[in-house]
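Structure below is final-v1.txt: compact mmCIF, C-alpha atoms and all ligand atoms.
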```txt
# COMPACT_ATOMS: atom_id res chain seq x y z
CA MET H 621 0.00 0.00 0.00
CA ARG H 622 2.81 2.34 0.87
CA ILE H 623 4.34 1.72 -2.56
CA CYS H 624 1.15 2.83 -4.22
CA LEU H 625 0.90 6.16 -2.44
CA PRO H 626 3.40 8.18 -4.46
CA PHE H 627 1.78 6.91 -7.65
CA LEU H 628 -1.64 7.81 -6.32
CA SER H 629 -0.58 11.31 -5.38
CA LEU H 630 0.99 11.75 -8.82
CA VAL H 631 -2.26 10.81 -10.51
CA VAL H 632 -4.25 13.08 -8.23
CA SER H 633 -1.99 16.07 -8.69
CA THR H 634 -1.85 15.54 -12.46
CA ALA H 635 -5.62 15.31 -12.60
CA ALA H 636 -5.94 18.43 -10.46
CA MET H 637 -3.58 20.30 -12.76
CA ALA H 638 -5.35 19.07 -15.87
CA ALA H 639 -8.66 20.22 -14.45
CA ALA H 640 -7.34 23.61 -13.43
CA PRO H 641 -7.62 25.75 -16.59
CA GLU H 642 -11.31 25.52 -17.48
CA ASP H 643 -12.40 25.85 -13.87
CA ALA H 644 -10.06 28.81 -13.44
CA ILE H 645 -11.64 30.93 -16.19
CA ASN H 646 -13.14 33.85 -14.34
CA GLU H 647 -16.20 35.68 -15.65
CA THR H 648 -15.67 38.61 -13.26
CA ARG H 649 -12.17 39.22 -14.64
CA LEU H 650 -13.43 38.96 -18.24
CA ARG H 651 -16.07 41.60 -17.51
CA ALA H 652 -13.55 43.85 -15.72
CA ASP H 653 -11.22 43.65 -18.74
CA VAL H 654 -13.97 44.61 -21.16
CA GLU H 655 -15.10 47.47 -18.89
CA ARG H 656 -11.52 48.72 -18.67
CA MET H 657 -11.09 48.70 -22.46
CA VAL H 658 -14.44 50.41 -23.06
CA GLY H 659 -13.28 53.00 -20.51
CA PHE H 660 -10.64 54.28 -22.93
CA GLY H 661 -13.46 55.96 -24.88
CA THR H 662 -12.12 55.03 -28.29
CA ARG H 663 -9.40 52.56 -29.24
CA HIS H 664 -9.36 53.61 -32.87
CA THR H 665 -5.95 52.95 -34.46
CA LEU H 666 -5.70 56.60 -35.52
CA SER H 667 -6.71 57.94 -32.08
CA THR H 668 -4.31 59.58 -29.63
CA GLN H 669 -1.26 57.56 -28.55
CA THR H 670 -0.14 59.99 -25.86
CA ASP H 671 -3.26 60.62 -23.74
CA PRO H 672 -2.95 58.52 -20.54
CA GLU H 673 -6.74 58.02 -20.26
CA ARG H 674 -8.17 57.89 -23.78
CA GLY H 675 -7.29 56.32 -27.09
CA ILE H 676 -5.29 53.43 -28.51
CA GLY H 677 -2.06 54.39 -26.71
CA ALA H 678 -3.66 54.18 -23.26
CA ALA H 679 -5.37 50.90 -24.21
CA ARG H 680 -2.10 49.37 -25.38
CA ASN H 681 -0.34 50.46 -22.19
CA TRP H 682 -3.06 48.75 -20.18
CA ALA H 683 -2.66 45.50 -22.17
CA GLU H 684 1.10 45.58 -21.67
CA ALA H 685 0.70 46.17 -17.92
CA GLU H 686 -1.76 43.25 -17.68
CA PHE H 687 0.69 40.91 -19.41
CA ARG H 688 3.45 42.06 -17.05
CA LYS H 689 1.22 41.43 -14.04
CA THR H 690 0.45 37.94 -15.34
CA SER H 691 4.13 37.30 -15.91
CA ALA H 692 4.99 38.42 -12.36
CA ALA H 693 2.48 35.86 -11.09
CA CYS H 694 4.27 32.99 -12.90
CA GLY H 695 7.83 33.90 -11.96
CA GLY H 696 8.48 35.92 -15.10
CA CYS H 697 7.33 33.15 -17.48
CA LEU H 698 6.15 35.61 -20.16
CA ASP H 699 8.34 37.74 -22.41
CA VAL H 700 6.45 40.88 -23.41
CA VAL H 701 7.36 42.27 -26.84
CA LEU H 702 5.91 45.20 -28.79
CA PRO H 703 6.37 44.67 -32.53
CA GLU H 704 5.67 47.91 -34.40
CA ARG H 705 5.80 49.56 -37.82
CA MET H 706 4.67 52.73 -39.54
CA ILE H 707 1.49 52.28 -41.58
CA ALA H 708 -0.22 54.32 -44.31
CA GLY H 709 -2.91 53.59 -46.91
CA ASP H 710 -6.59 53.99 -47.87
CA ARG H 711 -7.78 53.72 -44.30
CA VAL H 712 -4.70 55.41 -42.82
CA PRO H 713 -4.43 58.87 -44.45
CA VAL H 714 -1.68 60.05 -42.08
CA PRO H 715 1.39 57.83 -41.49
CA THR H 716 0.73 56.24 -38.10
CA ARG H 717 2.68 54.12 -35.66
CA LEU H 718 1.09 50.67 -35.29
CA VAL H 719 2.00 48.58 -32.24
CA ASN H 720 0.93 45.06 -31.22
CA VAL H 721 1.14 43.98 -27.59
CA VAL H 722 2.41 40.41 -27.41
CA ALA H 723 3.34 38.02 -24.59
CA ILE H 724 5.38 34.89 -25.23
CA GLN H 725 5.21 31.79 -23.02
CA ARG H 726 8.17 29.75 -24.22
CA GLY H 727 7.70 26.02 -24.67
CA THR H 728 9.80 23.68 -22.54
CA GLU H 729 10.61 21.23 -25.36
CA ARG H 730 9.91 22.82 -28.77
CA PRO H 731 10.07 26.58 -28.24
CA LYS H 732 10.07 27.35 -31.99
CA GLU H 733 6.66 25.71 -32.41
CA VAL H 734 4.00 28.26 -31.57
CA VAL H 735 0.25 28.50 -31.08
CA ILE H 736 -1.01 32.07 -31.35
CA VAL H 737 -4.08 33.19 -29.36
CA GLN H 738 -5.13 36.65 -30.48
CA GLY H 739 -7.79 39.35 -30.58
CA HIS H 740 -7.79 42.97 -31.76
CA ILE H 741 -7.73 45.85 -29.32
CA ASP H 742 -8.65 48.61 -31.82
CA SER H 743 -12.27 49.71 -32.27
CA ARG H 744 -14.36 51.78 -34.68
CA VAL H 745 -17.74 53.43 -35.24
CA SER H 746 -19.78 54.06 -38.43
CA GLN H 747 -17.17 56.11 -40.27
CA ILE H 748 -13.94 54.18 -40.67
CA LEU H 749 -11.73 57.27 -40.24
CA ASP H 750 -13.60 58.65 -37.20
CA ALA H 751 -10.86 58.46 -34.56
CA THR H 752 -12.44 60.75 -31.94
CA SER H 753 -16.06 59.64 -31.32
CA ASP H 754 -16.69 57.15 -28.53
CA ALA H 755 -16.11 53.67 -29.98
CA PRO H 756 -16.67 51.24 -27.08
CA GLY H 757 -15.95 48.12 -29.16
CA ALA H 758 -17.15 45.93 -26.29
CA ASN H 759 -17.87 42.80 -28.29
CA ASP H 760 -15.72 43.87 -31.28
CA ASP H 761 -13.23 43.17 -29.99
CA ALA H 762 -12.65 43.87 -26.30
CA SER H 763 -14.25 40.43 -25.89
CA GLY H 764 -11.44 38.80 -27.87
CA VAL H 765 -8.70 40.68 -26.02
CA ALA H 766 -10.29 39.81 -22.65
CA LEU H 767 -10.21 36.16 -23.75
CA VAL H 768 -6.51 36.51 -24.64
CA MET H 769 -5.71 38.13 -21.26
CA GLU H 770 -7.62 35.46 -19.35
CA ALA H 771 -6.00 32.66 -21.36
CA ALA H 772 -2.60 34.11 -20.44
CA ARG H 773 -3.50 34.30 -16.75
CA VAL H 774 -4.74 30.72 -16.60
CA LEU H 775 -2.39 28.89 -19.00
CA SER H 776 0.73 30.59 -17.65
CA GLN H 777 0.17 28.64 -14.44
CA LEU H 778 1.11 25.48 -16.36
CA LYS H 779 4.06 24.47 -18.54
CA TYR H 780 3.66 23.38 -22.16
CA PRO H 781 6.11 21.70 -24.56
CA ALA H 782 5.40 24.24 -27.32
CA THR H 783 5.24 28.02 -27.15
CA ILE H 784 2.03 30.01 -26.65
CA ILE H 785 1.81 33.55 -28.06
CA TYR H 786 -0.83 35.87 -26.58
CA ALA H 787 -1.49 38.89 -28.78
CA ALA H 788 -3.55 42.08 -28.59
CA LEU H 789 -3.43 43.34 -32.18
CA SER H 790 -4.03 46.86 -33.42
CA GLY H 791 -5.09 48.14 -36.85
CA GLU H 792 -7.65 45.40 -37.62
CA GLU H 793 -10.38 47.82 -38.66
CA GLN H 794 -7.94 49.74 -40.89
CA GLY H 795 -7.20 46.62 -42.96
CA LEU H 796 -5.92 43.70 -40.81
CA LEU H 797 -2.68 45.61 -40.31
CA GLY H 798 -1.82 44.22 -36.87
CA GLY H 799 -2.42 40.68 -38.12
CA LYS H 800 -0.06 41.34 -41.02
CA LEU H 801 2.53 42.72 -38.61
CA LEU H 802 2.35 39.66 -36.33
CA ALA H 803 2.37 37.22 -39.28
CA ASP H 804 5.54 38.94 -40.59
CA TYR H 805 7.02 38.91 -37.08
CA ALA H 806 6.31 35.15 -36.76
CA ALA H 807 8.07 34.50 -40.08
CA GLU H 808 11.05 36.66 -39.06
CA GLN H 809 11.40 34.75 -35.78
CA GLY H 810 11.55 31.48 -37.73
CA TRP H 811 8.58 30.14 -35.78
CA THR H 812 6.70 27.08 -36.95
CA VAL H 813 3.15 28.32 -36.55
CA LYS H 814 1.04 25.30 -35.58
CA ALA H 815 -2.22 27.22 -35.19
CA VAL H 816 -3.53 30.77 -35.11
CA LEU H 817 -6.67 31.06 -32.99
CA ASN H 818 -8.21 34.44 -33.79
CA ASN H 819 -10.98 35.60 -31.46
CA ASP H 820 -13.08 38.39 -32.93
CA ILE H 821 -16.55 39.15 -31.49
CA VAL H 822 -16.78 36.32 -28.99
CA GLY H 823 -18.92 37.79 -26.19
CA GLY H 824 -22.54 37.79 -27.34
CA SER H 825 -25.42 35.42 -28.00
CA ARG H 826 -28.24 37.48 -29.57
CA GLY H 827 -28.59 38.32 -33.24
CA SER H 828 -30.05 41.36 -34.98
CA ASP H 829 -33.48 39.71 -35.26
CA GLY H 830 -33.56 38.82 -31.56
CA TYR H 831 -32.72 35.15 -32.15
CA ARG H 832 -30.56 33.87 -29.33
CA ASP H 833 -27.96 31.10 -29.49
CA ASP H 834 -25.72 30.66 -26.46
CA LYS H 835 -24.91 27.02 -27.24
CA HIS H 836 -22.61 27.43 -30.26
CA VAL H 837 -19.45 29.18 -31.34
CA ARG H 838 -18.73 29.61 -35.03
CA VAL H 839 -15.33 28.43 -36.22
CA LEU H 840 -14.45 29.86 -39.63
CA SER H 841 -11.84 28.20 -41.82
CA GLU H 842 -10.79 28.70 -45.43
CA GLY H 843 -11.26 26.01 -48.09
CA LEU H 844 -9.43 27.43 -51.08
CA ARG H 845 -5.95 28.06 -49.74
CA ALA H 846 -4.74 31.64 -49.89
CA ASP H 847 -1.19 30.38 -50.44
CA ALA H 848 -2.13 27.96 -53.26
CA THR H 849 0.39 27.95 -56.10
CA ASP H 850 -0.26 26.25 -59.45
CA ALA H 851 1.66 23.22 -58.20
CA LEU H 852 -0.35 23.08 -54.97
CA ARG H 853 -3.64 23.49 -56.87
CA ALA H 854 -2.68 20.59 -59.14
CA GLN H 855 -1.87 18.50 -56.07
CA MET H 856 -5.21 19.41 -54.48
CA ARG H 857 -7.07 18.25 -57.62
CA ARG H 858 -5.17 15.00 -57.59
CA PHE H 859 -5.60 14.20 -53.91
CA GLY H 860 -8.92 15.89 -53.20
CA GLY H 861 -7.40 18.45 -50.86
CA GLU H 862 -9.84 21.27 -51.61
CA ASN H 863 -11.56 20.50 -48.31
CA ASP H 864 -8.36 19.81 -46.37
CA SER H 865 -6.63 23.16 -45.95
CA PRO H 866 -4.47 23.49 -42.82
CA SER H 867 -7.06 25.94 -41.44
CA ARG H 868 -9.90 23.51 -42.00
CA ASN H 869 -8.07 20.70 -40.28
CA ILE H 870 -7.51 22.94 -37.25
CA ALA H 871 -11.25 23.72 -37.31
CA ARG H 872 -12.13 20.02 -37.39
CA TRP H 873 -9.72 19.29 -34.56
CA ILE H 874 -11.34 22.03 -32.47
CA GLY H 875 -14.75 20.55 -33.27
CA GLY H 876 -13.52 17.25 -31.88
CA LEU H 877 -12.27 18.88 -28.69
CA ALA H 878 -15.59 20.67 -28.22
CA ALA H 879 -17.53 17.43 -28.64
CA GLU H 880 -15.60 15.94 -25.70
CA ASP H 881 -16.58 18.81 -23.40
CA ALA H 882 -20.22 18.55 -22.41
CA LYS H 883 -20.10 21.83 -20.47
CA GLY H 884 -18.66 23.95 -23.28
CA LEU H 885 -20.00 25.48 -26.48
CA ALA H 886 -20.55 23.27 -29.50
CA VAL H 887 -18.74 24.21 -32.71
CA ARG H 888 -20.66 25.35 -35.76
CA GLN H 889 -18.28 24.87 -38.66
CA ILE H 890 -18.40 27.72 -41.16
CA TRP H 891 -16.52 26.69 -44.23
CA ARG H 892 -15.42 30.15 -45.31
CA ALA H 893 -12.27 32.16 -44.65
CA ASP H 894 -14.52 34.69 -42.86
CA ARG H 895 -18.15 35.84 -42.89
CA MET H 896 -19.33 36.80 -46.38
CA GLY H 897 -17.61 39.97 -47.54
CA ARG H 898 -15.89 40.43 -44.18
CA GLY H 899 -12.37 39.85 -42.87
CA GLY H 900 -10.39 39.11 -39.75
CA ASP H 901 -6.84 38.88 -38.45
CA GLN H 902 -6.60 35.16 -39.24
CA LEU H 903 -6.38 36.03 -42.95
CA PRO H 904 -2.83 37.50 -43.06
CA PHE H 905 -1.64 34.25 -41.48
CA SER H 906 -3.49 32.14 -44.06
CA ASP H 907 -1.79 34.25 -46.74
CA LYS H 908 1.51 32.87 -45.46
CA GLY H 909 0.23 29.29 -45.33
CA PHE H 910 -0.11 29.21 -41.54
CA PRO H 911 -3.09 27.24 -40.20
CA ALA H 912 -5.44 29.99 -38.95
CA ILE H 913 -9.09 30.04 -37.91
CA ARG H 914 -11.53 32.56 -36.47
CA PHE H 915 -13.81 32.09 -33.51
CA SER H 916 -16.94 34.26 -33.47
CA VAL H 917 -20.37 34.34 -31.84
CA ALA H 918 -23.09 32.04 -33.21
CA VAL H 919 -25.21 34.86 -34.66
CA GLU H 920 -24.36 38.35 -36.00
CA ASP H 921 -25.73 41.46 -34.31
CA TYR H 922 -25.30 44.25 -36.86
CA GLU H 923 -26.87 47.02 -34.78
CA HIS H 924 -24.16 46.54 -32.17
CA GLN H 925 -20.95 46.48 -34.19
CA HIS H 926 -19.21 49.30 -36.14
CA GLN H 927 -21.99 51.75 -35.18
CA ASP H 928 -22.15 55.29 -33.82
CA LEU H 929 -23.77 55.31 -30.39
CA ARG H 930 -27.33 56.50 -31.08
CA ILE H 931 -31.03 55.71 -30.94
CA GLU H 932 -32.91 55.63 -34.25
CA ASN H 933 -36.65 54.87 -34.50
CA GLY H 934 -36.45 53.36 -31.03
CA VAL H 935 -33.52 51.08 -31.96
CA LYS H 936 -30.37 51.41 -29.89
CA PHE H 937 -27.15 51.25 -31.92
CA GLY H 938 -23.59 50.77 -30.66
CA ASP H 939 -21.20 48.07 -29.46
CA THR H 940 -21.88 48.39 -25.72
CA ILE H 941 -21.33 46.04 -22.77
CA ASP H 942 -25.05 45.64 -21.99
CA GLU H 943 -25.52 43.79 -25.30
CA MET H 944 -22.96 41.15 -24.33
CA ASP H 945 -23.44 37.74 -22.71
CA PHE H 946 -20.64 37.04 -20.23
CA PRO H 947 -21.67 33.54 -19.09
ZN ZN H 1001 -13.40 42.75 -35.15
```

Would you mind writing the structure in this file as structure tokens?
Ligand SMILES: [Zn+2]
Amino acid sequence: MRICLPFLSLVVSTAAMAAAPEDAINETRLRADVERMVGFGTRHTLSTQTDPERGIGAARNWAEAEFRKTSAACGGCLDVVLPERMIAGDRVPVPTRLVNVVAIQRGTERPKEVVIVQGHIDSRVSQILDATSDAPGANDDASGVALVMEAARVLSQLKYPATIIYAALSGEEQGLLGGKLLADYAAEQGWTVKAVLNNDIVGGSRGSDGYRDDKHVRVLSEGLRADATDALRAQMRRFGGENDSPSRNIARWIGGLAAEDAKGLAVRQIWRADRMGRGGDQLPFSDKGFPAIRFSVAVEDYEHQHQDLRIENGVKFGDTIDEMDFP
């Protein structure tokens, strides 16, 4: 019996550790994160970067401080890096400094293999260049960044063989610019990107028509590969790979994981790179051939994304916290 005890305690402690993450996800912290981000008034990419209370600069500083707090709680297990570049273009009329806030939890065995968990911290209202009006961006996409922050807090308490990258991206609304920056950064680092898990609009359950679905999460994955060359296309015709892109296989794998978890959301597979006519920060990674998918709420709520805060014919517009579903 005495011989068995160390084995028993090993099993128990392993089981306890394995059970820790999902039970450790804290709704109160998620809500506090979203409230904090909404509190910056606007997080538009072209908003002020120097005001300590308002704008994208203040929001980024908050994200960086949160990562540093999380790192302090795990004995400095996260490296915080701030990749940046100057941007300009259709949706960026004045050259602007773009900065991503990224935390790296190095793998213990294969540190060059990375899984990226990301959301975008920038927000917008009706006019794409309006950088001064209040743009709460609660669901789009403070929800995704809150998820990233909470994932970092919980997963950093454990060790993993491969590396986890936690990223709060900027410039999404101006043309997926933060996604491009991180995809380039990943290539420069020589990382083998095993999966990009993009979380964009992940905190609601009610659609524009009032229909509610709090049982599913949509997982979007591309079929036609963005990186397909003539040779790869020929190969796909020969082997039937048009439904087997790296992104789609990640999506299927996630569907399998979800099916094993009776308490969690079920996956609704959406076999598109993104919603029709829309985009997300998974796309710049797909362009490079990295397996990348997007998580999003089950149903779209158009009155509460990309909208000026207003009431029109009795309908309330705007991406505000009260429209979200934290459980
Ligand atoms: Zn978004």

With only C-alpha atoms as the counted atoms, please give the residues lying no more than 6 Å from range 789-804 of chain H, apart from itself and same-chain residues fewer than 4 positions off, as a list of chain:residue names.
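The neighbour list is H:Thr665, H:Arg711, H:Asn720, H:His740, H:Ile741, H:Asp742, H:Asp901, H:Pro904, H:Phe905.
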
Nearest residue to Ala886 in chain H out of H:Arg857, H:Arg838, H:Arg845, H:Arg663, using all atoms listed in the file?
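Closest candidate: H:Arg838.
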
CA of Arg888 in chain H to CA of Ala762 in chain H, straight-line distance in Å
22.3 Å

Skipping near chain neighbours, those fewer than 4 positions away, what residues fall within 12 Å of Arg773 in chain H using all atoms listed in the file, listed as a list in words?
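In the requested form, the answer reads Ala640, Pro641, Glu642, Ala644, Ile645, Asn646, Arg649, Leu650, Glu686, Phe687, Arg688, Lys689, Thr690, Ser691, Ala692, Ala693, Cys694, Cys697, Leu698, Ala723, Gln725, Ala766, Leu767, Val768, Met769, Gln777, Leu778 and Tyr786 of chain H.
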
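Of the residues listed (H:Ala806, H:Ile736, H:Val935, H:Ala679), H:Ile736 shows the shortest atom-to-atom separation from Thr783 in chain H; distances use only C-alpha atoms.
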
Give as a PyMOL selection string the residues surrounding ligand ZN 1001 (chain H) up to a distance of 12 Å, considering all atoms listed in the file.
chain H and resi 664+738-745+757-765+788-796+798-799+818-823+894-895+898-902+914-917+920+924-926+939
